[in-house]
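**Student:** File name target-v1.txt; file contents compact mmCIF, C-alpha atoms; full text below.
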# COMPACT_ATOMS: atom_id res chain seq x y z
CA MET A 1 -7.60 -62.61 118.86
CA ASN A 2 -5.65 -59.74 117.46
CA ASP A 3 -4.97 -61.16 114.01
CA ILE A 4 -7.70 -59.18 112.30
CA GLU A 5 -6.80 -56.03 114.11
CA THR A 6 -3.17 -56.38 113.03
CA ALA A 7 -4.22 -57.10 109.45
CA LEU A 8 -6.41 -53.99 109.50
CA GLY A 9 -3.40 -51.91 110.47
CA ASP A 10 -1.73 -53.05 107.26
CA LEU A 11 -4.53 -51.58 105.17
CA ARG A 12 -3.07 -48.12 105.44
CA GLU A 13 -2.08 -46.74 102.06
CA GLU A 14 -0.18 -43.83 100.69
CA ALA A 15 -2.20 -41.35 98.72
CA PRO A 16 -1.32 -41.30 95.02
CA PRO A 17 1.14 -38.44 94.35
CA ARG A 18 -1.20 -36.86 91.82
CA LEU A 19 -3.71 -36.19 94.59
CA THR A 20 -1.47 -33.47 96.00
CA ASP A 21 -1.07 -31.92 92.55
CA ARG A 22 -4.80 -31.96 91.99
CA VAL A 23 -5.49 -30.37 95.36
CA MET A 24 -2.86 -27.67 94.96
CA ARG A 25 -4.03 -26.83 91.45
CA ALA A 26 -7.60 -26.47 92.69
CA ILE A 27 -6.35 -24.20 95.48
CA GLU A 28 -4.42 -22.04 93.02
CA ALA A 29 -7.61 -21.77 90.96
CA ALA A 30 -9.71 -20.86 94.01
CA ASP A 31 -12.61 -18.48 93.52
CA ASP A 32 -13.31 -15.58 95.83
CA TYR A 33 -16.72 -15.17 97.35
CA VAL A 34 -18.77 -12.59 99.22
CA GLU A 35 -22.05 -12.46 101.03
CA ILE A 36 -24.22 -9.69 99.59
CA PRO A 37 -27.84 -8.60 100.06
CA GLY A 38 -30.10 -9.84 97.28
CA PRO A 39 -33.67 -8.91 96.39
CA ARG A 40 -34.97 -11.66 98.72
CA GLY A 41 -32.40 -12.35 101.39
CA ALA A 42 -28.63 -12.56 101.37
CA LEU A 43 -26.72 -14.32 98.61
CA TYR A 44 -23.31 -15.92 98.30
CA VAL A 45 -21.60 -14.90 95.09
CA ALA A 46 -18.37 -16.55 93.91
CA PHE A 47 -16.16 -15.01 91.23
CA ASN A 48 -12.76 -15.29 89.57
CA ASP A 49 -10.80 -13.60 86.77
CA GLU A 50 -13.33 -14.76 84.19
CA GLY A 51 -16.30 -13.28 86.03
CA ILE A 52 -19.09 -14.35 88.36
CA SER A 53 -19.12 -18.12 88.64
CA CYS A 54 -21.69 -19.16 91.22
CA VAL A 55 -24.63 -17.75 93.20
CA ASP A 56 -26.62 -19.38 95.97
CA ALA A 57 -29.00 -18.30 98.71
CA ALA A 58 -26.96 -17.63 101.85
CA GLY A 59 -29.54 -19.25 104.12
CA GLY A 60 -27.63 -22.52 104.39
CA GLY A 61 -24.49 -20.89 105.77
CA PRO A 62 -20.96 -20.81 104.34
CA GLU A 63 -20.30 -24.51 104.88
CA ALA A 64 -23.23 -25.52 102.70
CA PHE A 65 -22.08 -23.08 100.02
CA GLU A 66 -18.51 -24.48 100.10
CA GLU A 67 -19.93 -27.97 99.84
CA TYR A 68 -22.05 -27.06 96.84
CA PHE A 69 -19.33 -25.06 95.12
CA VAL A 70 -16.49 -27.53 95.61
CA GLY A 71 -18.72 -30.43 94.58
CA ARG A 72 -19.90 -28.67 91.45
CA PHE A 73 -16.76 -26.90 90.24
CA GLY A 74 -13.87 -28.80 91.86
CA ARG A 75 -12.14 -25.57 92.86
CA ALA A 76 -11.59 -24.10 96.31
CA LEU A 77 -13.25 -21.01 97.75
CA ARG A 78 -11.86 -18.19 99.82
CA PRO A 79 -13.65 -15.23 101.36
CA ALA A 80 -13.10 -11.90 99.61
CA SER A 81 -13.25 -8.48 101.18
CA ALA A 82 -15.13 -6.78 98.33
CA PRO A 83 -17.71 -7.92 95.79
CA PRO A 84 -16.95 -7.78 92.06
CA ARG A 85 -17.46 -4.35 90.55
CA GLY A 86 -21.02 -3.60 89.52
CA LEU A 87 -22.61 -6.52 91.34
CA ALA A 88 -24.49 -4.50 93.95
CA GLU A 89 -25.87 -2.18 91.25
CA ALA A 90 -26.88 -5.11 89.08
CA LEU A 91 -28.74 -6.68 92.00
CA ALA A 92 -30.45 -3.40 92.79
CA THR A 93 -31.54 -2.72 89.22
CA GLY A 94 -32.23 -6.33 88.30
CA ASP A 95 -30.14 -5.89 85.17
CA GLY A 96 -27.07 -8.12 84.98
CA ARG A 97 -26.13 -7.47 81.37
CA THR A 98 -23.03 -5.43 82.14
CA LEU A 99 -21.44 -8.03 84.44
CA ARG A 100 -18.92 -10.64 83.33
CA TYR A 101 -19.68 -14.30 83.95
CA ASP A 102 -17.61 -17.44 84.17
CA LEU A 103 -19.80 -19.89 82.27
CA ARG A 104 -16.99 -22.32 81.44
CA GLY A 105 -18.20 -25.85 81.83
CA LEU A 106 -21.58 -25.08 80.29
CA THR A 107 -22.51 -26.12 76.77
CA GLU A 108 -22.86 -23.57 73.99
CA PHE A 109 -26.62 -24.12 74.11
CA GLU A 110 -26.76 -23.51 77.88
CA VAL A 111 -24.75 -20.31 77.49
CA ALA A 112 -27.08 -19.10 74.73
CA VAL A 113 -30.10 -19.75 76.97
CA LEU A 114 -28.59 -17.84 79.89
CA ARG A 115 -27.47 -14.93 77.72
CA LYS A 116 -31.00 -14.70 76.38
CA ALA A 117 -32.50 -14.79 79.89
CA LEU A 118 -30.29 -11.79 80.74
CA GLU A 119 -32.25 -9.73 78.22
CA ILE A 120 -35.58 -10.16 80.01
CA PRO A 121 -36.27 -6.87 81.83
CA LYS A 122 -37.07 -6.75 85.51
CA GLY A 123 -40.81 -6.95 86.12
CA GLU A 124 -41.44 -9.02 82.99
CA VAL A 125 -41.54 -12.73 82.26
CA ARG A 126 -41.12 -14.85 79.15
CA SER A 127 -41.90 -18.49 78.44
CA TYR A 128 -39.47 -21.36 77.95
CA SER A 129 -40.62 -21.57 74.35
CA TRP A 130 -39.92 -17.86 73.88
CA ILE A 131 -36.26 -18.47 74.79
CA ALA A 132 -36.14 -21.55 72.57
CA ARG A 133 -37.44 -19.56 69.62
CA GLU A 134 -35.24 -16.53 70.24
CA ILE A 135 -32.04 -18.60 70.24
CA GLY A 136 -33.08 -20.35 67.05
CA ARG A 137 -33.92 -23.71 68.62
CA PRO A 138 -37.74 -23.51 68.70
CA LYS A 139 -38.19 -27.20 69.44
CA ALA A 140 -35.74 -27.35 72.34
CA VAL A 141 -38.24 -26.11 74.94
CA ARG A 142 -37.48 -28.84 77.45
CA ALA A 143 -33.74 -28.39 77.01
CA VAL A 144 -34.24 -24.69 77.76
CA GLY A 145 -35.88 -25.73 81.02
CA SER A 146 -32.94 -27.87 82.06
CA ALA A 147 -30.40 -25.26 80.97
CA LEU A 148 -32.14 -22.71 83.21
CA GLY A 149 -32.30 -25.29 86.00
CA HIS A 150 -28.49 -25.61 85.79
CA ASN A 151 -27.95 -21.86 85.87
CA PRO A 152 -24.88 -21.52 88.13
CA VAL A 153 -25.63 -17.83 88.74
CA PRO A 154 -29.35 -17.59 89.54
CA VAL A 155 -30.88 -14.22 90.53
CA VAL A 156 -28.02 -12.36 88.78
CA ILE A 157 -28.83 -14.07 85.51
CA PRO A 158 -32.62 -13.89 85.96
CA CYS A 159 -33.74 -17.40 85.04
CA HIS A 160 -36.61 -16.77 87.47
CA ARG A 161 -38.15 -14.55 84.77
CA VAL A 162 -38.81 -17.57 82.59
CA VAL A 163 -42.11 -19.34 83.22
CA ARG A 164 -44.23 -21.96 81.50
CA SER A 165 -46.40 -20.81 78.63
CA ASP A 166 -49.45 -22.29 80.37
CA GLY A 167 -48.94 -19.67 83.06
CA MET A 168 -47.57 -22.03 85.70
CA ILE A 169 -44.55 -20.50 87.37
CA GLY A 170 -42.46 -23.64 86.88
CA ASN A 171 -39.38 -24.92 88.65
CA TYR A 172 -36.43 -22.94 89.88
CA ALA A 173 -32.84 -23.63 90.83
CA LEU A 174 -33.43 -22.06 94.26
CA GLY A 175 -36.90 -23.60 94.68
CA ALA A 176 -40.28 -22.68 93.22
CA PRO A 177 -41.37 -20.57 96.26
CA MET A 178 -38.25 -18.41 95.85
CA LYS A 179 -39.10 -17.89 92.18
CA ARG A 180 -42.53 -16.59 93.12
CA GLU A 181 -41.06 -14.31 95.78
CA LEU A 182 -38.47 -12.88 93.41
CA LEU A 183 -41.08 -12.15 90.74
CA ASP A 184 -43.36 -10.65 93.34
CA THR A 185 -40.52 -8.40 94.56
CA GLU A 186 -39.91 -7.26 91.00
CA GLY A 187 -43.53 -6.18 90.66
CA VAL A 188 -44.77 -9.08 88.55
CA ASP A 189 -48.41 -9.91 89.27
CA VAL A 190 -47.86 -13.65 89.54
CA GLY A 191 -51.47 -14.44 90.42
CA GLY A 192 -52.69 -12.30 87.53
CA ILE A 193 -50.46 -14.12 85.04
CA GLU A 194 -51.69 -17.47 86.26
CA GLN A 195 -55.31 -16.40 86.02
CA LEU A 196 -54.89 -14.96 82.57
CA ALA A 197 -53.12 -18.08 81.34
CA ALA A 198 -55.79 -20.27 82.94
CA THR A 199 -58.39 -18.61 80.75
CA GLY A 200 -56.27 -19.39 77.69
CA VAL A 201 -54.97 -15.88 77.10
CA ARG A 202 -51.37 -15.77 75.83
CA PHE A 203 -51.08 -12.26 74.38
CA VAL A 204 -52.42 -8.79 75.04
CA GLY A 205 -52.86 -6.12 72.38
CA SER A 206 -54.01 -2.57 71.91
CA ASP A 207 -56.72 -1.85 69.38
CA SER A 208 -55.37 1.64 68.84
CA THR A 209 -51.84 0.56 67.85
CA GLN A 210 -52.77 -2.90 66.51
CA ILE A 211 -49.73 -4.31 68.31
CA PHE A 212 -49.71 -7.41 70.49
CA CYS A 213 -47.37 -8.25 73.37
CA VAL A 214 -46.67 -10.84 76.04
CA PRO A 215 -48.87 -9.88 79.02
CA THR A 216 -46.02 -8.59 81.22
CA CYS A 217 -44.41 -6.46 78.51
CA HIS A 218 -43.85 -2.90 79.65
CA ASP A 219 -45.80 -1.67 76.61
CA ALA A 220 -48.72 -4.03 77.26
CA ARG A 221 -49.10 -2.80 80.80
CA ARG A 222 -49.62 0.77 79.55
CA VAL A 223 -52.59 -0.16 77.40
CA THR A 224 -55.76 1.22 78.96
CA GLU A 225 -58.65 -1.09 79.73
CA ARG A 226 -60.73 0.50 76.95
CA HIS A 227 -58.20 -0.40 74.23
CA ARG A 228 -57.05 -3.72 75.61
CA VAL A 229 -57.72 -6.87 73.59
CA THR A 230 -56.57 -10.40 74.35
CA PHE A 231 -55.50 -13.27 72.11
CA ARG A 232 -55.25 -16.98 72.66
CA SER A 233 -52.56 -17.53 70.07
CA GLU A 234 -50.19 -15.80 67.72
CA ARG A 235 -52.42 -16.83 64.82
CA ASP A 236 -55.47 -15.16 66.43
CA ALA A 237 -53.52 -11.95 66.77
CA THR A 238 -52.06 -11.90 63.28
CA THR A 239 -55.37 -12.91 61.73
CA ALA A 240 -56.92 -9.92 63.45
CA GLY A 241 -54.29 -7.77 61.73
CA TYR A 242 -52.04 -7.19 64.76
CA ARG A 243 -48.28 -7.15 64.54
CA PRO A 244 -45.89 -8.40 67.26
CA CYS A 245 -44.32 -5.84 69.61
CA ARG A 246 -40.69 -5.13 68.82
CA HIS A 247 -39.75 -4.95 72.49
CA CYS A 248 -41.10 -8.19 73.90
CA ARG A 249 -41.11 -10.04 70.55
CA PRO A 250 -44.11 -12.27 71.33
CA ALA A 251 -43.65 -13.91 67.94
CA GLU A 252 -41.07 -13.75 65.25
CA ALA A 253 -41.52 -10.46 63.44
CA ARG A 254 -42.47 -11.20 59.89
CA PRO A 255 -42.34 -8.94 56.88
CA ALA A 256 -45.77 -7.35 56.59
CA MET B 1 10.86 -24.80 106.85
CA SER B 2 8.89 -22.34 108.92
CA GLU B 3 8.67 -22.66 112.64
CA GLY B 4 5.69 -23.31 114.84
CA THR B 5 3.02 -25.97 114.75
CA LEU B 6 1.11 -26.66 111.58
CA GLN B 7 -1.93 -25.02 113.18
CA GLU B 8 0.02 -21.86 113.87
CA ARG B 9 1.35 -21.76 110.34
CA LEU B 10 -2.12 -22.29 108.89
CA ALA B 11 -3.51 -19.50 111.07
CA GLU B 12 -0.73 -17.19 109.99
CA ASP B 13 -0.63 -17.83 106.25
CA LEU B 14 -3.15 -20.37 105.02
CA HIS B 15 -2.00 -20.35 101.43
CA ASP B 16 1.63 -20.79 102.36
CA ALA B 17 1.05 -23.58 104.88
CA PHE B 18 -1.61 -25.51 103.01
CA GLY B 19 0.88 -27.65 101.07
CA ALA B 20 2.40 -28.89 104.30
CA PHE B 21 -1.08 -29.58 105.66
CA VAL B 22 -1.90 -31.72 102.61
CA ALA B 23 1.42 -33.56 102.81
CA GLU B 24 0.86 -34.29 106.49
CA LEU B 25 -2.67 -35.65 106.22
CA ARG B 26 -3.22 -36.90 102.66
CA ASP B 27 -2.46 -40.55 103.50
CA ASP B 28 -4.93 -40.55 106.40
CA VAL B 29 -7.69 -39.00 104.35
CA PHE B 30 -7.03 -41.18 101.31
CA THR B 31 -6.85 -44.37 103.38
CA ALA B 32 -10.09 -43.56 105.20
CA ALA B 33 -11.89 -42.77 101.95
CA LEU B 34 -10.49 -45.88 100.25
CA ARG B 35 -11.45 -48.23 103.06
CA TRP B 36 -14.86 -46.67 103.56
CA SER B 37 -15.79 -46.67 99.88
CA GLY B 38 -13.75 -49.61 98.56
CA ASN B 39 -13.15 -47.66 95.39
CA ARG B 40 -9.87 -46.04 94.45
CA SER B 41 -11.10 -43.37 92.11
CA ALA B 42 -13.94 -42.46 94.48
CA ALA B 43 -11.38 -42.28 97.31
CA GLU B 44 -9.26 -39.84 95.33
CA ASP B 45 -12.27 -37.65 94.61
CA ILE B 46 -13.40 -37.75 98.24
CA ALA B 47 -9.89 -36.84 99.43
CA GLN B 48 -9.63 -33.98 96.95
CA GLU B 49 -13.02 -32.58 97.93
CA THR B 50 -12.17 -32.95 101.61
CA PHE B 51 -9.05 -30.82 101.27
CA LEU B 52 -10.86 -28.17 99.22
CA ARG B 53 -13.60 -27.90 101.80
CA ALA B 54 -10.99 -27.74 104.55
CA TYR B 55 -9.32 -24.87 102.70
CA GLY B 56 -12.61 -23.00 102.58
CA ALA B 57 -13.29 -23.57 106.27
CA LEU B 58 -9.75 -22.59 107.33
CA GLY B 59 -10.12 -19.40 105.31
CA ARG B 60 -13.24 -18.57 107.29
CA TYR B 61 -12.10 -19.47 110.80
CA ASP B 62 -10.39 -16.85 112.91
CA ALA B 63 -6.81 -17.48 114.05
CA PRO B 64 -7.57 -18.74 117.60
CA ARG B 65 -10.00 -21.30 116.22
CA VAL B 66 -7.43 -22.59 113.72
CA ARG B 67 -4.75 -22.80 116.43
CA ASP B 68 -7.05 -24.94 118.58
CA LEU B 69 -8.04 -27.35 115.84
CA HIS B 70 -7.26 -31.01 116.25
CA LEU B 71 -6.38 -31.19 112.56
CA ARG B 72 -6.52 -34.92 111.93
CA ALA B 73 -9.88 -35.57 113.59
CA TRP B 74 -11.31 -32.34 112.17
CA LEU B 75 -10.27 -33.25 108.63
CA LEU B 76 -11.53 -36.83 108.94
CA ALA B 77 -14.90 -35.47 110.07
CA ILE B 78 -15.05 -33.46 106.83
CA ALA B 79 -13.98 -36.55 104.86
CA LEU B 80 -16.79 -38.54 106.46
CA ASN B 81 -19.28 -35.88 105.47
CA VAL B 82 -17.99 -35.90 101.87
CA PHE B 83 -18.10 -39.71 101.79
CA ARG B 84 -21.69 -39.78 103.01
CA ASN B 85 -22.75 -37.21 100.44
CA GLU B 86 -21.01 -39.26 97.78
CA VAL B 87 -22.91 -42.39 98.81
CA ARG B 88 -26.15 -40.44 98.84
CA SER B 89 -25.69 -38.87 95.41
CA ALA B 90 -24.45 -42.18 93.97
CA SER B 91 -27.65 -43.85 95.12
CA ARG B 92 -29.57 -41.16 93.25
CA ARG B 93 -27.59 -42.02 90.11
CA PRO B 94 -28.51 -45.66 89.63
CA SER B 95 -26.01 -46.12 86.80
CA THR B 96 -22.99 -45.90 89.07
CA GLN B 97 -22.66 -48.02 92.17
CA PRO B 98 -19.41 -47.19 93.89
CA LEU B 99 -19.86 -50.10 96.24
CA GLY B 100 -20.56 -52.62 93.50
CA LYS B 101 -18.30 -55.65 93.54
CA GLU B 102 -16.84 -55.08 90.09
CA GLU B 103 -15.46 -51.70 91.14
CA LEU B 104 -13.95 -52.88 94.36
CA VAL B 105 -10.26 -53.07 95.05
CA VAL B 106 -9.07 -56.22 93.33
CA VAL B 107 -10.27 -59.30 95.13
CA ASP B 108 -7.24 -61.55 94.92
CA GLU B 109 -7.52 -64.89 96.63
CA GLY B 110 -3.79 -65.04 97.15
CA ARG B 111 -3.62 -61.76 99.03
CA GLU B 112 -5.28 -61.62 102.38
CA ALA B 113 -5.15 -57.85 102.63
CA ASP B 114 -7.32 -57.41 99.54
CA ASP B 115 -9.73 -60.00 100.85
CA LEU B 116 -10.00 -58.15 104.13
CA ALA B 117 -10.33 -54.81 102.34
CA SER B 118 -13.27 -55.98 100.27
CA THR B 119 -14.87 -57.74 103.21
CA ILE B 120 -14.88 -54.51 105.20
CA VAL B 121 -16.88 -52.84 102.47
CA LEU B 122 -19.15 -55.76 101.64
CA ALA B 123 -19.86 -57.18 105.07
CA LEU B 124 -19.90 -54.15 107.35
CA PRO B 125 -22.72 -51.64 107.45
CA GLU B 126 -21.51 -48.07 107.32
CA GLU B 127 -22.08 -47.44 111.04
CA GLN B 128 -19.58 -50.20 111.86
CA ARG B 129 -17.25 -49.77 108.89
CA VAL B 130 -16.53 -46.13 109.60
CA PRO B 131 -15.34 -46.58 113.21
CA VAL B 132 -13.53 -49.87 112.43
CA VAL B 133 -11.44 -48.08 109.80
CA LEU B 134 -10.79 -45.07 112.02
CA ARG B 135 -9.81 -47.21 115.00
CA HIS B 136 -7.93 -50.12 113.49
CA VAL B 137 -6.62 -48.88 110.15
CA LEU B 138 -5.79 -45.31 111.16
CA GLY B 139 -5.28 -45.88 114.88
CA LEU B 140 -7.45 -43.07 116.23
CA SER B 141 -8.56 -43.17 119.85
CA TYR B 142 -12.19 -43.88 120.71
CA ARG B 143 -12.44 -40.38 122.04
CA GLU B 144 -11.37 -38.93 118.71
CA ILE B 145 -13.74 -41.20 116.84
CA ALA B 146 -16.61 -40.24 119.15
CA GLU B 147 -15.85 -36.62 118.33
CA ILE B 148 -15.82 -37.28 114.58
CA LEU B 149 -19.05 -39.25 114.63
CA GLY B 150 -20.80 -37.09 117.19
CA ARG B 151 -21.77 -40.20 119.16
CA PRO B 152 -20.95 -41.21 122.74
CA GLU B 153 -17.67 -43.05 123.23
CA GLY B 154 -19.47 -46.14 124.55
CA THR B 155 -21.60 -46.39 121.44
CA VAL B 156 -18.55 -46.06 119.22
CA LYS B 157 -16.71 -48.80 121.14
CA ALA B 158 -19.69 -51.14 120.85
CA GLN B 159 -20.10 -50.48 117.12
CA THR B 160 -16.42 -51.07 116.50
CA ALA B 161 -16.48 -54.34 118.46
CA ARG B 162 -19.56 -55.51 116.58
CA GLY B 163 -17.79 -54.65 113.34
CA ILE B 164 -14.72 -56.69 114.25
CA ARG B 165 -16.90 -59.65 115.23
CA ARG B 166 -18.80 -59.47 112.01
CA LEU B 167 -15.61 -59.18 110.02
CA ARG B 168 -14.21 -62.28 111.69
CA ASP B 169 -17.41 -64.22 110.97
CA ALA B 170 -17.39 -63.13 107.36
CA LEU B 171 -13.74 -64.10 106.87
CA THR B 172 -14.06 -67.52 108.47
CA ASP B 173 -17.19 -68.33 106.51
CA ASP B 174 -16.44 -70.87 103.79
CA GLU B 175 -18.71 -69.20 101.29
CA PRO B 176 -19.05 -65.49 101.93
CA GLN B 177 -22.31 -64.21 100.53
CA PRO B 178 -21.63 -60.61 99.71
CA ALA B 179 -24.86 -60.36 97.77
CA GLU B 180 -26.83 -60.64 100.98
CA VAL B 181 -25.30 -57.60 102.56
CA ARG B 182 -25.33 -55.49 99.45
CA ARG B 183 -29.09 -54.93 99.70
If you took the structure in this file and wrote it as structure tokens, what would it be?

**Tutor:**
Amino acid sequence: MNDIETALGDLREEAPPRLTDRVMRAIEAADDYVEIPGPRGALYVAFNDEGISCVDAAGGGPEAFEEYFVGRFGRALRPASAPPRGLAEALATGDGRTLRYDLRGLTEFEVAVLRKALEIPKGEVRSYSWIAREIGRPKAVRAVGSALGHNPVPVVIPCHRVVRSDGMIGNYALGAPMKRELLDTEGVDVGGIEQLAATGVRFVGSDSTQIFCVPTCHDARRVTERHRVTFRSERDATTAGYRPCRHCRPAEARPA
Amino acid sequence: MSEGTLQERLAEDLHDAFGAFVAELRDDVFTAALRWSGNRSAAEDIAQETFLRAYGALGRYDAPRVRDLHLRAWLLAIALNVFRNEVRSASRRPSTQPLGKEELVVVDEGREADDLASTIVLALPEEQRVPVVLRHVLGLSYREIAEILGRPEGTVKAQTARGIRRLRDALTDDEPQPAEVRR
């Protein structure tokens, strides 16, 4: 019986005309991308006139990157011959503040979170609640976590430098093991942070300057063992007469 | 228009030739996606994503590889991949069920084609639906389908035949029970 087979042949349809328009528009809006060495393995970095739009580990190969990019942004990708200016330097120094980013499609809140993460220096970490407080949304700690999880440009915008305040390293867009490796490469003593946090310590101060810091702050790491004091909370530190460091801003600076 | 095969034109100037490539294959890709998914808006999205991924791949391939491509089968293999990802991510989002009956192409008792279209989606498991659509709706050869699916030709033939049998059973049933096959 061929009836069904004939009927199946009639199920062919013309694509709606707008499909072609949509496809061609997405091609016109295509981003360029390059493969470039990152601090832990090669990265794919996509960019357009607005700036850097997408970063992913290159381990999965170009097809996986195209799949991810097209699925997430709905634009096409084409290989570029040169990376955007300043990218290699930013990756080498771990400071992406001078680069331009294409963060269209993110909410204002998400952009604020990512801009704040850009300020965290290489070799240091901050907590999710630190970001929440710094952008004026102290209660939005969880939302900070998801905003960082959606970071389209990980590594370059260093969301890996944001960890849980209980010392756990936390999740990461490119996987928790990669987060640990990146921090390790940047000279962060991940094990030390975890141990310190496990004992309840949140801040480190110097009894000669009477200033307290987050433990990875550049200033905190210069304090000698003899002058080093630890605090379990902001209140402990301020009660002891310490003021927050102006660099790492462990707590909102208050008028004395 | 320019001379040479579509493959040659794509190898020479991808950007210039891509419009012709889309025009040539959009109906195939859209039909496959529509008959696999049973959902028009999903089919449009799948087709769009398929072409964008094809653009990326063509940009990466060197000229000899592009010239040797069997464009239709190659593109339908990408479409299948996009479709499967779509099904997978839709099952992770429990709020949307692209294969749910309410979103299907209109089931109109008076029109046999619509009946058949929904039965394909509701009664056939994916491993039969995909080759049935490729073989009987789009008219691909078993060899091409075997290439797309990465399965032996014999397996593909058997799956297609089983699909047709099942389709016939489902359509001659007095009371089709789509709920049973929807899992």

**Student:** Which residue, B:His136, B:Ile46, B:Arg40, B:Ser141, has the smallest gap to Thr6 (chain A) when you use all atoms listed in the file?

**Tutor:**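 Between B:His136, B:Ile46, B:Arg40, B:Ser141, the residue approaching Thr6 (chain A) most closely is B:His136.
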
**Student:** Taking all atoms listed in the file into account, find every residue of chain B that has an atom no more than 8 Å from chain A, and write it out as a PDB file with C-alpha atoms, keeping the file's coordinate frame.

**Tutor:**
ATOM      1  CA  GLY B  19       0.880 -27.650 101.070  1.00  0.00           C
ATOM      2  CA  VAL B  22      -1.900 -31.720 102.610  1.00  0.00           C
ATOM      3  CA  ALA B  23       1.420 -33.560 102.810  1.00  0.00           C
ATOM      4  CA  ARG B  26      -3.220 -36.900 102.660  1.00  0.00           C
ATOM      5  CA  ASP B  27      -2.460 -40.550 103.500  1.00  0.00           C
ATOM      6  CA  ASP B  28      -4.930 -40.550 106.400  1.00  0.00           C
ATOM      7  CA  PHE B  30      -7.030 -41.180 101.310  1.00  0.00           C
ATOM      8  CA  THR B  31      -6.850 -44.370 103.380  1.00  0.00           C
ATOM      9  CA  ARG B  35     -11.450 -48.230 103.060  1.00  0.00           C
ATOM     10  CA  GLU B  44      -9.260 -39.840  95.330  1.00  0.00           C
ATOM     11  CA  ALA B  47      -9.890 -36.840  99.430  1.00  0.00           C
ATOM     12  CA  GLN B  48      -9.630 -33.980  96.950  1.00  0.00           C
ATOM     13  CA  GLU B  49     -13.020 -32.580  97.930  1.00  0.00           C
ATOM     14  CA  PHE B  51      -9.050 -30.820 101.270  1.00  0.00           C
ATOM     15  CA  LEU B  52     -10.860 -28.170  99.220  1.00  0.00           C
ATOM     16  CA  ARG B  53     -13.600 -27.900 101.800  1.00  0.00           C
ATOM     17  CA  TYR B  55      -9.320 -24.870 102.700  1.00  0.00           C
ATOM     18  CA  GLY B  56     -12.610 -23.000 102.580  1.00  0.00           C
ATOM     19  CA  ALA B  57     -13.290 -23.570 106.270  1.00  0.00           C
ATOM     20  CA  GLY B  59     -10.120 -19.400 105.310  1.00  0.00           C
ATOM     21  CA  ARG B  60     -13.240 -18.570 107.290  1.00  0.00           C
ATOM     22  CA  ALA B 113      -5.150 -57.850 102.630  1.00  0.00           C
ATOM     23  CA  LEU B 116     -10.000 -58.150 104.130  1.00  0.00           C
ATOM     24  CA  ALA B 117     -10.330 -54.810 102.340  1.00  0.00           C
ATOM     25  CA  VAL B 133     -11.440 -48.080 109.800  1.00  0.00           C
ATOM     26  CA  HIS B 136      -7.930 -50.120 113.490  1.00  0.00           C
ATOM     27  CA  VAL B 137      -6.620 -48.880 110.150  1.00  0.00           C
ATOM     28  CA  LEU B 138      -5.790 -45.310 111.160  1.00  0.00           C
ATOM     29  CA  GLY B 139      -5.280 -45.880 114.880  1.00  0.00           C
ATOM     30  CA  ILE B 164     -14.720 -56.690 114.250  1.00  0.00           C
ATOM     31  CA  ARG B 168     -14.210 -62.280 111.690  1.00  0.00           C
TER      32      ARG B 168
END

**Student:** So what do you get for CA of Val55 (chain A) versus CA of Val153 (chain A), distance-wise?

**Tutor:**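 Atom-to-atom, CA of Val55 (chain A) and CA of Val153 (chain A) are spaced 4.6 Å apart.
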
**Student:** Might I get the box with edges along x, y and z of the file that holds all atoms of region 182-194 of chain A listed there, padded by 3 Å on every side, given as centre and edge lengths in Å to one decimal, as AutoDock Vina command-line options?

**Tutor:**
--center_x -45.6 --center_y -11.8 --center_z 89.8 --size_x 20.2 --size_y 17.3 --size_z 15.5

**Student:** Nearest to Glu119 (chain A): which of A:Arg100, A:Ser208, A:Cys248, A:Val214 is it, counting only C-alpha atoms?

**Tutor:**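 Of all the options, A:Cys248 lies closest to Glu119 (chain A).
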
**Student:** Work out how far CA of Asn85 (chain B) is from CA of Glu24 (chain B), in Å to one decimal.

**Tutor:**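 Pair CA of Glu24 (chain B) / CA of Asn85 (chain B) returns 24.5 Å.
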
**Student:** Rounded to one decimal place, report the CA of Glu110 (chain A)-CA of Gly61 (chain A) distance in Å.

**Tutor:** 28.1 Å

**Student:** Would you pick out the contacts of Thr160 (chain B) at 12 Å or less, using only C-alpha atoms, so that residues sharing its chain but fewer than 3 positions from it are not included, and give the list as a ChimeraX atom specification?

**Tutor:** /A:5 /B:120,124-137,141-142,145-146,153-157,163-167

**Student:** Would you mind listing, for every residue of region 96-211 of chain A within 9 Å of region 215-218 of chain A, the two atoms forming the shortest contact and the distance between them in Å to one decimal, using all atoms listed in the file, sorted by chain and ascending residue number, as CSV?

**Tutor:**
residue,atom,partner,partner_atom,distance
A:Pro121,CA,A:Cys217,CA,8.8
A:Gly123,CA,A:Thr216,CA,7.3
A:Glu124,CA,A:Thr216,CA,4.9
A:Val125,CA,A:Thr216,CA,6.2
A:Arg126,CA,A:Thr216,CA,8.2
A:Val188,CA,A:Thr216,CA,7.5
A:Asp189,CA,A:Thr216,CA,8.5
A:Ile193,CA,A:Pro215,CA,7.5
A:Leu196,CA,A:Pro215,CA,8.6
A:Val201,CA,A:Pro215,CA,8.8
A:Arg202,CA,A:Pro215,CA,7.1
A:Phe203,CA,A:Pro215,CA,5.7
A:Val204,CA,A:Pro215,CA,5.4
A:Gly205,CA,A:Pro215,CA,8.6

**Student:** Which neighbours of Ser53 (chain A) fall inside 8 Å, counting all atoms listed in the file, when residues of the same chain fewer than 4 positions from it are skipped, and could you give them as JSON, numbers by chain?

**Tutor:** {"A": [45, 46, 47, 48, 101, 102, 103, 152, 153]}

**Student:** Compile the contact shell of Glu134 (chain A) as a list of chain:residue names: residues with an atom at most 12 Å away, counting all atoms listed in the file, same-chain residues fewer than 6 positions apart removed.

**Tutor:**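 The filter keeps A:Ala112, A:Val113, A:Leu114, A:Arg115, A:Lys116, A:Ala117, A:Glu119, A:Ile120, A:Arg126, A:Ser127, A:Tyr128, A:Ala140, A:Val141, A:Val144, A:Cys248, A:Arg249, A:Pro250, A:Ala251, A:Glu252, A:Ala253.
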